[in-house]
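J.: Input file: final.txt. Contents: compact mmCIF, C-alpha atoms.
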# COMPACT_ATOMS: atom_id res chain seq x y z
CA MET A 1 169.03 102.08 44.72
CA GLN A 2 165.48 101.90 46.01
CA SER A 3 166.47 99.67 48.93
CA SER A 4 169.19 102.09 50.05
CA LEU A 5 166.74 105.02 49.79
CA ARG A 6 164.27 103.22 52.02
CA LEU A 7 167.00 102.51 54.53
CA PHE A 8 167.76 106.26 54.61
CA LEU A 9 164.15 107.51 54.88
CA VAL A 10 163.03 105.19 57.69
CA PRO A 11 165.57 106.47 60.27
CA LEU A 12 164.80 110.02 59.16
CA ALA A 13 161.07 109.55 59.81
CA VAL A 14 161.78 108.04 63.21
CA ALA A 15 163.99 110.98 64.09
CA LEU A 16 161.31 113.51 63.03
CA ALA A 17 158.63 111.74 65.06
CA ALA A 18 160.86 111.75 68.12
CA ALA A 19 161.57 115.45 67.71
CA MET A 20 157.84 116.26 67.44
CA ALA A 21 157.11 114.22 70.54
CA VAL A 22 159.75 116.11 72.51
CA ALA A 23 158.33 119.46 71.31
CA ALA A 24 154.82 118.43 72.34
CA VAL A 25 156.08 117.52 75.82
CA VAL A 26 157.83 120.90 76.16
CA ILE A 27 154.74 122.86 75.03
CA ALA A 28 152.45 120.85 77.26
CA SER A 29 154.71 121.45 80.27
CA ASN A 30 154.36 125.25 79.78
CA ARG A 31 150.53 125.26 79.64
CA GLN A 32 148.11 125.51 82.54
CA PRO A 33 146.28 122.25 83.18
CA VAL A 34 142.72 122.08 81.82
CA PHE A 35 140.28 119.63 83.34
CA LEU A 36 137.30 118.51 81.32
CA THR A 37 134.43 116.73 82.95
CA THR A 38 131.49 115.03 81.32
CA PRO A 39 128.29 115.11 83.40
CA SER A 40 126.97 111.73 84.25
CA ALA A 41 123.41 111.08 83.09
CA SER A 42 122.64 109.10 86.23
CA VAL A 43 123.88 111.94 88.51
CA SER A 44 121.92 114.71 86.73
CA LEU A 45 118.73 112.68 86.81
CA SER A 46 119.11 111.93 90.51
CA THR A 47 119.40 115.65 91.33
CA ILE A 48 115.96 116.42 89.85
CA GLU A 49 113.54 116.60 92.76
CA PRO A 50 109.92 115.64 92.12
CA ALA A 51 107.76 118.67 92.80
CA ILE A 52 104.28 120.12 92.42
CA LEU A 53 104.27 123.54 90.76
CA THR A 54 101.30 125.78 91.53
CA SER A 55 100.26 129.42 91.52
CA GLY A 56 97.86 131.52 93.56
CA ASP A 57 96.09 134.87 93.20
CA ALA A 58 94.34 137.05 95.76
CA THR A 59 92.71 140.47 95.90
CA VAL A 60 92.19 142.55 99.03
CA SER A 61 89.91 145.61 98.86
CA LYS A 62 90.49 148.55 101.18
CA LYS A 63 89.09 152.03 101.56
CA PRO A 64 91.72 154.45 100.25
CA ASP A 65 93.28 156.93 102.66
CA LEU A 66 95.09 159.09 100.10
CA ALA A 67 93.75 161.23 97.26
CA ILE A 68 96.10 162.43 94.54
CA VAL A 69 94.87 165.59 92.84
CA SER A 70 96.47 166.71 89.59
CA ALA A 71 95.98 170.18 88.10
CA GLY A 72 97.32 171.42 84.76
CA ILE A 73 97.97 175.11 84.00
CA ASP A 74 98.96 176.60 80.67
CA SER A 75 99.43 179.94 78.94
CA GLN A 76 99.87 180.96 75.32
CA GLN A 77 101.49 184.26 74.36
CA SER A 78 103.31 185.80 71.41
CA SER A 79 106.72 185.22 73.02
CA ALA A 80 108.24 182.48 75.14
CA SER A 81 109.07 184.91 77.93
CA GLY A 82 105.51 186.23 77.92
CA ALA A 83 104.06 182.73 78.15
CA GLN A 84 106.45 181.85 80.95
CA ALA A 85 105.63 184.99 82.94
CA ASP A 86 101.88 184.51 82.55
CA LEU A 87 102.18 180.87 83.58
CA ALA A 88 104.23 181.81 86.64
CA ALA A 89 101.53 184.26 87.73
CA LYS A 90 98.74 181.69 87.33
CA ALA A 91 100.74 178.97 89.07
CA GLY A 92 101.64 181.30 91.94
CA LYS A 93 98.00 182.09 92.65
CA LEU A 94 96.97 178.44 92.45
CA ILE A 95 99.80 177.26 94.70
CA ALA A 96 98.92 179.90 97.28
CA ARG A 97 95.28 178.76 97.23
CA ILE A 98 96.29 175.11 97.65
CA LYS A 99 98.61 175.87 100.58
CA ALA A 100 95.83 177.90 102.21
CA LEU A 101 93.87 174.63 102.44
CA GLY A 102 96.54 173.25 104.77
CA VAL A 103 98.58 171.26 102.23
CA ALA A 104 102.17 170.79 103.42
CA ASP A 105 105.10 171.53 101.13
CA LYS A 106 106.01 167.82 101.00
CA ASP A 107 102.55 167.02 99.62
CA LEU A 108 102.75 169.55 96.76
CA SER A 109 105.00 168.92 93.77
CA THR A 110 105.47 169.75 90.10
CA THR A 111 105.24 166.67 87.88
CA GLY A 112 105.72 168.41 84.53
CA TYR A 113 106.86 171.73 83.01
CA TRP A 114 107.05 172.61 79.31
CA ILE A 115 107.65 175.67 77.10
CA GLY A 116 107.60 175.46 73.32
CA PRO A 117 106.48 177.05 70.06
CA VAL A 118 102.99 176.90 68.62
CA TYR A 119 102.89 176.35 64.85
CA GLY A 120 100.33 177.55 62.33
CA PRO A 121 98.15 175.35 60.10
CA ASN A 122 101.02 174.75 57.65
CA GLY A 123 103.20 173.37 60.45
CA GLN A 124 106.12 175.66 59.60
CA ASN A 125 105.38 179.18 60.84
CA VAL A 126 105.56 179.87 64.58
CA THR A 127 102.42 181.72 65.67
CA GLY A 128 103.19 181.92 69.38
CA TYR A 129 104.57 180.12 72.41
CA ARG A 130 102.89 177.93 74.99
CA ALA A 131 103.98 177.22 78.56
CA ALA A 132 102.43 174.45 80.67
CA GLU A 133 102.91 173.14 84.20
CA ASN A 134 101.34 170.23 86.05
CA LEU A 135 100.90 170.28 89.84
CA GLN A 136 100.22 167.27 92.03
CA VAL A 137 98.67 167.41 95.50
CA GLN A 138 98.49 164.56 98.04
CA TRP A 139 95.33 165.02 100.07
CA HIS A 140 95.16 162.79 103.13
CA SER A 141 91.52 163.42 104.07
CA VAL A 142 89.89 161.58 101.17
CA ASP A 143 86.33 162.27 102.32
CA SER A 144 86.86 166.03 101.91
CA VAL A 145 88.78 165.94 98.63
CA GLY A 146 85.87 167.75 96.96
CA LYS A 147 86.86 170.87 98.89
CA THR A 148 90.28 170.78 97.26
CA LEU A 149 88.77 170.38 93.80
CA ASP A 150 86.41 173.32 94.38
CA ALA A 151 89.26 175.54 95.53
CA ILE A 152 91.35 174.71 92.47
CA VAL A 153 88.47 175.28 90.06
CA GLN A 154 87.32 178.50 91.71
CA GLU A 155 90.85 179.93 91.62
CA GLY A 156 90.80 179.66 87.83
CA GLY A 157 93.68 179.06 85.45
CA ALA A 158 93.65 175.26 85.73
CA THR A 159 92.75 173.53 82.47
CA GLN A 160 92.79 169.89 83.56
CA ILE A 161 91.94 168.58 87.02
CA THR A 162 91.85 164.92 87.98
CA VAL A 163 91.84 162.93 91.21
CA SER A 164 92.75 159.33 91.94
CA PHE A 165 92.71 157.32 95.16
CA SER A 166 95.34 155.10 96.74
CA LEU A 167 96.68 153.68 99.99
CA ALA A 168 99.36 155.73 101.75
CA ASP A 169 101.00 152.50 102.99
CA PRO A 170 99.87 149.41 101.04
CA LYS A 171 102.29 147.00 102.77
CA SER A 172 99.79 145.52 105.23
CA ALA A 173 97.21 144.98 102.47
CA GLN A 174 99.90 143.40 100.28
CA ALA A 175 100.91 141.05 103.10
CA GLU A 176 97.27 140.03 103.61
CA ALA A 177 96.79 139.38 99.90
CA ARG A 178 100.07 137.46 99.72
CA THR A 179 98.99 135.14 102.55
CA LEU A 180 95.71 134.44 100.76
CA ALA A 181 97.50 133.83 97.45
CA ILE A 182 99.91 131.32 99.01
CA GLY A 183 96.96 129.60 100.67
CA GLU A 184 95.29 129.24 97.29
CA ALA A 185 98.47 127.80 95.81
CA LYS A 186 98.69 125.26 98.63
CA SER A 187 95.06 124.22 98.09
CA LYS A 188 95.79 123.65 94.42
CA ALA A 189 98.87 121.58 95.29
CA GLN A 190 96.89 119.39 97.69
CA ALA A 191 94.21 118.79 95.07
CA MET A 192 96.85 117.88 92.47
CA ALA A 193 98.66 115.60 94.90
CA SER A 194 95.42 113.83 95.82
CA ALA A 195 94.61 113.24 92.17
CA ALA A 196 98.12 111.87 91.56
CA GLY A 197 98.12 109.66 94.66
CA VAL A 198 100.97 111.43 96.43
CA LYS A 199 101.37 113.77 99.39
CA VAL A 200 102.44 117.43 99.52
CA GLY A 201 105.82 118.01 101.12
CA GLN A 202 107.64 121.17 102.20
CA VAL A 203 107.83 124.35 100.17
CA ILE A 204 110.81 124.43 97.81
CA ARG A 205 110.42 127.89 96.30
CA VAL A 206 108.06 130.88 96.48
CA SER A 207 107.99 133.71 93.93
CA ASP A 208 105.97 136.92 94.11
CA LEU A 209 105.04 137.44 90.47
CA SER A 210 103.21 140.75 90.63
CA THR A 211 101.94 143.24 93.15
CA VAL A 212 99.52 146.00 92.25
CA SER A 213 99.20 148.56 95.02
CA ARG A 214 96.30 150.53 93.61
CA TYR A 215 93.71 150.90 90.91
CA PRO A 216 93.14 154.65 90.59
CA ILE A 217 89.67 156.07 90.11
CA SER A 218 89.87 159.13 87.90
CA TYR A 219 87.59 162.14 88.14
CA GLY A 220 87.66 165.12 85.79
CA ALA A 221 86.48 168.52 87.03
CA ALA A 222 85.60 171.18 84.47
CA ALA A 223 86.28 174.83 85.16
CA GLY A 224 83.36 176.52 86.85
CA ALA A 225 81.97 173.31 88.37
CA PRO A 226 79.40 174.04 91.11
CA ALA A 227 80.39 173.57 94.74
CA PRO A 228 80.39 171.50 96.80
CA THR A 229 81.84 168.80 94.59
CA GLN A 230 80.92 165.24 95.57
CA VAL A 231 83.57 162.58 94.90
CA PRO A 232 82.63 159.04 96.02
CA VAL A 233 85.76 157.35 97.34
CA GLY A 234 84.87 153.67 96.95
CA GLN A 235 87.64 151.09 97.42
CA VAL A 236 90.96 150.22 95.87
CA ASP A 237 92.13 146.68 95.12
CA VAL A 238 95.49 145.26 96.11
CA GLN A 239 96.29 142.24 93.94
CA VAL A 240 99.09 139.69 94.52
CA SER A 241 100.08 136.69 92.39
CA VAL A 242 102.53 134.05 93.62
CA GLU A 243 104.13 130.89 92.31
CA VAL A 244 104.89 128.12 94.81
CA ASP A 245 106.80 124.87 94.32
CA PHE A 246 106.06 122.03 96.76
CA ALA A 247 108.14 118.91 97.22
CA ILE A 248 106.42 115.53 96.99
CA ALA A 249 106.57 113.80 100.36
Translate this file's structure into structure tokens.

T.:
Amino acid sequence: MQSSLRLFLVPLAVALAAAMAVAAVVIASNRQPVFLTTPSASVSLSTIEPAILTSGDATVSKKPDLAIVSAGIDSQQSSASGAQADLAAKAGKLIARIKALGVADKDLSTTGYWIGPVYGPNGQNVTGYRAAENLQVQWHSVDSVGKTLDAIVQEGGATQITVSFSLADPKSAQAEARTLAIGEAKSKAQAMASAAGVKVGQVIRVSDLSTVSRYPISYGAAAGAPAPTQVPVGQVDVQVSVEVDFAIA
């Protein structure tokens, strides 16, 4: 009995295996081919180029040719419409005074405008409304920026007045600083190569990490300041940092 059962099961198993093989071939024929590649350790190592990685920094100082004057105006009234109307009147007078100095429309802009409630000591009751506006003026004659400050202060209504200095077009100063920074990086690479007993090859990669076009100098003018206002201009710094990779010759 057991021998006859074995004789029956063996052909059955062979038939099942053959059927599964045929099904696998059919399924595989309907699939898109997938190619798997294993990176060779010797190939990946050979593609790594020996290099000297360095960085360089440089600062170029220039006399600024642009003054940026900021003036804040605000008004507080019992109603929002009252605060807005009073602010509009103050701003209108100040803008007219600024334009009378010869400031072009493109050099005068609003950088902020706000209207909102004013709360009492308990933080719940509204005691009034406040409206505020911030004007910004680009003054191209930096040596006479004090005249602009005096005009703004004497007009009245401005609560906060500041001035900062910059370069109207910092590109040439940035290019000069970038050249110096790359030169410093190359000097570092040559020193490193000399210490290691190798020679510096061609540049592989250059990255400009950061460029700072100005360091503003702030000046606060209080209302009623005596004229003429003196504002030393000084210099602004243009800083550039680079990262340079050199091949080893």

J.: Using all atoms listed in the file, which of A:Val236, A:Ala100, A:Met192, A:Val244 sits nearest Ile204 (chain A)?

T.: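 Closest to Ile204 (chain A), using all atoms listed in the file: A:Val244.
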
J.: Return the single residue from A:Lys62, A:Lys147, A:Lys90, A:Lys186 that is closest to Thr229 (chain A), with distances computed using all atoms listed in the file.

T.: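 Closest to Thr229 (chain A) of all the choices is A:Lys147.
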
J.: Counting all atoms listed in the file, which residues in region 66-152 of chain A sit no more than 8 Å from region 162-183 of chain A? For each one, give the nearest pair of atoms and the distance in Å, sorted by chain then residue number, as CSV.

T.:
residue,atom,partner,partner_atom,distance
A:Leu66,CA,A:Ser166,CA,5.2
A:Ala67,CA,A:Phe165,CA,4.6
A:Ile68,CA,A:Ser164,CA,5.3
A:Val69,CA,A:Val163,CA,4.3
A:Ser70,CA,A:Thr162,CA,5.2
A:Ala71,CA,A:Thr162,CA,6.7
A:Val142,CA,A:Phe165,CA,7.9

J.: Choose the residue, out of A:Glu133, A:Trp114, A:Ala189, A:Asp107, that has the smallest atom-to-atom separation from Val203 (chain A); count only C-alpha atoms.

T.: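 The shortest atom-to-atom distance to Val203 (chain A) comes from A:Ala189.
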
J.: Any idea what the distance is between CA of Gly112 (chain A) and CA of Ala96 (chain A)?

T.: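 Between these atoms lies a distance of 18.5 Å.
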
J.: What's around Leu101 (chain A) at 12 Å? Count all atoms listed in the file, leave out sequence neighbours fewer than 5 positions away in its own chain, and write the answer as a compact mmCIF listing (two decimals) with C-alpha atoms, in the frame of the given file.

T.:
# COMPACT_ATOMS: atom_id res chain seq x y z
CA LEU A 94 96.97 178.44 92.45
CA ILE A 95 99.80 177.26 94.70
CA ALA A 96 98.92 179.90 97.28
CA ASP A 107 102.55 167.02 99.62
CA LEU A 108 102.75 169.55 96.76
CA VAL A 137 98.67 167.41 95.50
CA GLN A 138 98.49 164.56 98.04
CA TRP A 139 95.33 165.02 100.07
CA HIS A 140 95.16 162.79 103.13
CA SER A 141 91.52 163.42 104.07
CA SER A 144 86.86 166.03 101.91
CA VAL A 145 88.78 165.94 98.63
CA GLY A 146 85.87 167.75 96.96
CA LYS A 147 86.86 170.87 98.89
CA THR A 148 90.28 170.78 97.26
CA LEU A 149 88.77 170.38 93.80
CA ASP A 150 86.41 173.32 94.38
CA ALA A 151 89.26 175.54 95.53
CA ILE A 152 91.35 174.71 92.47
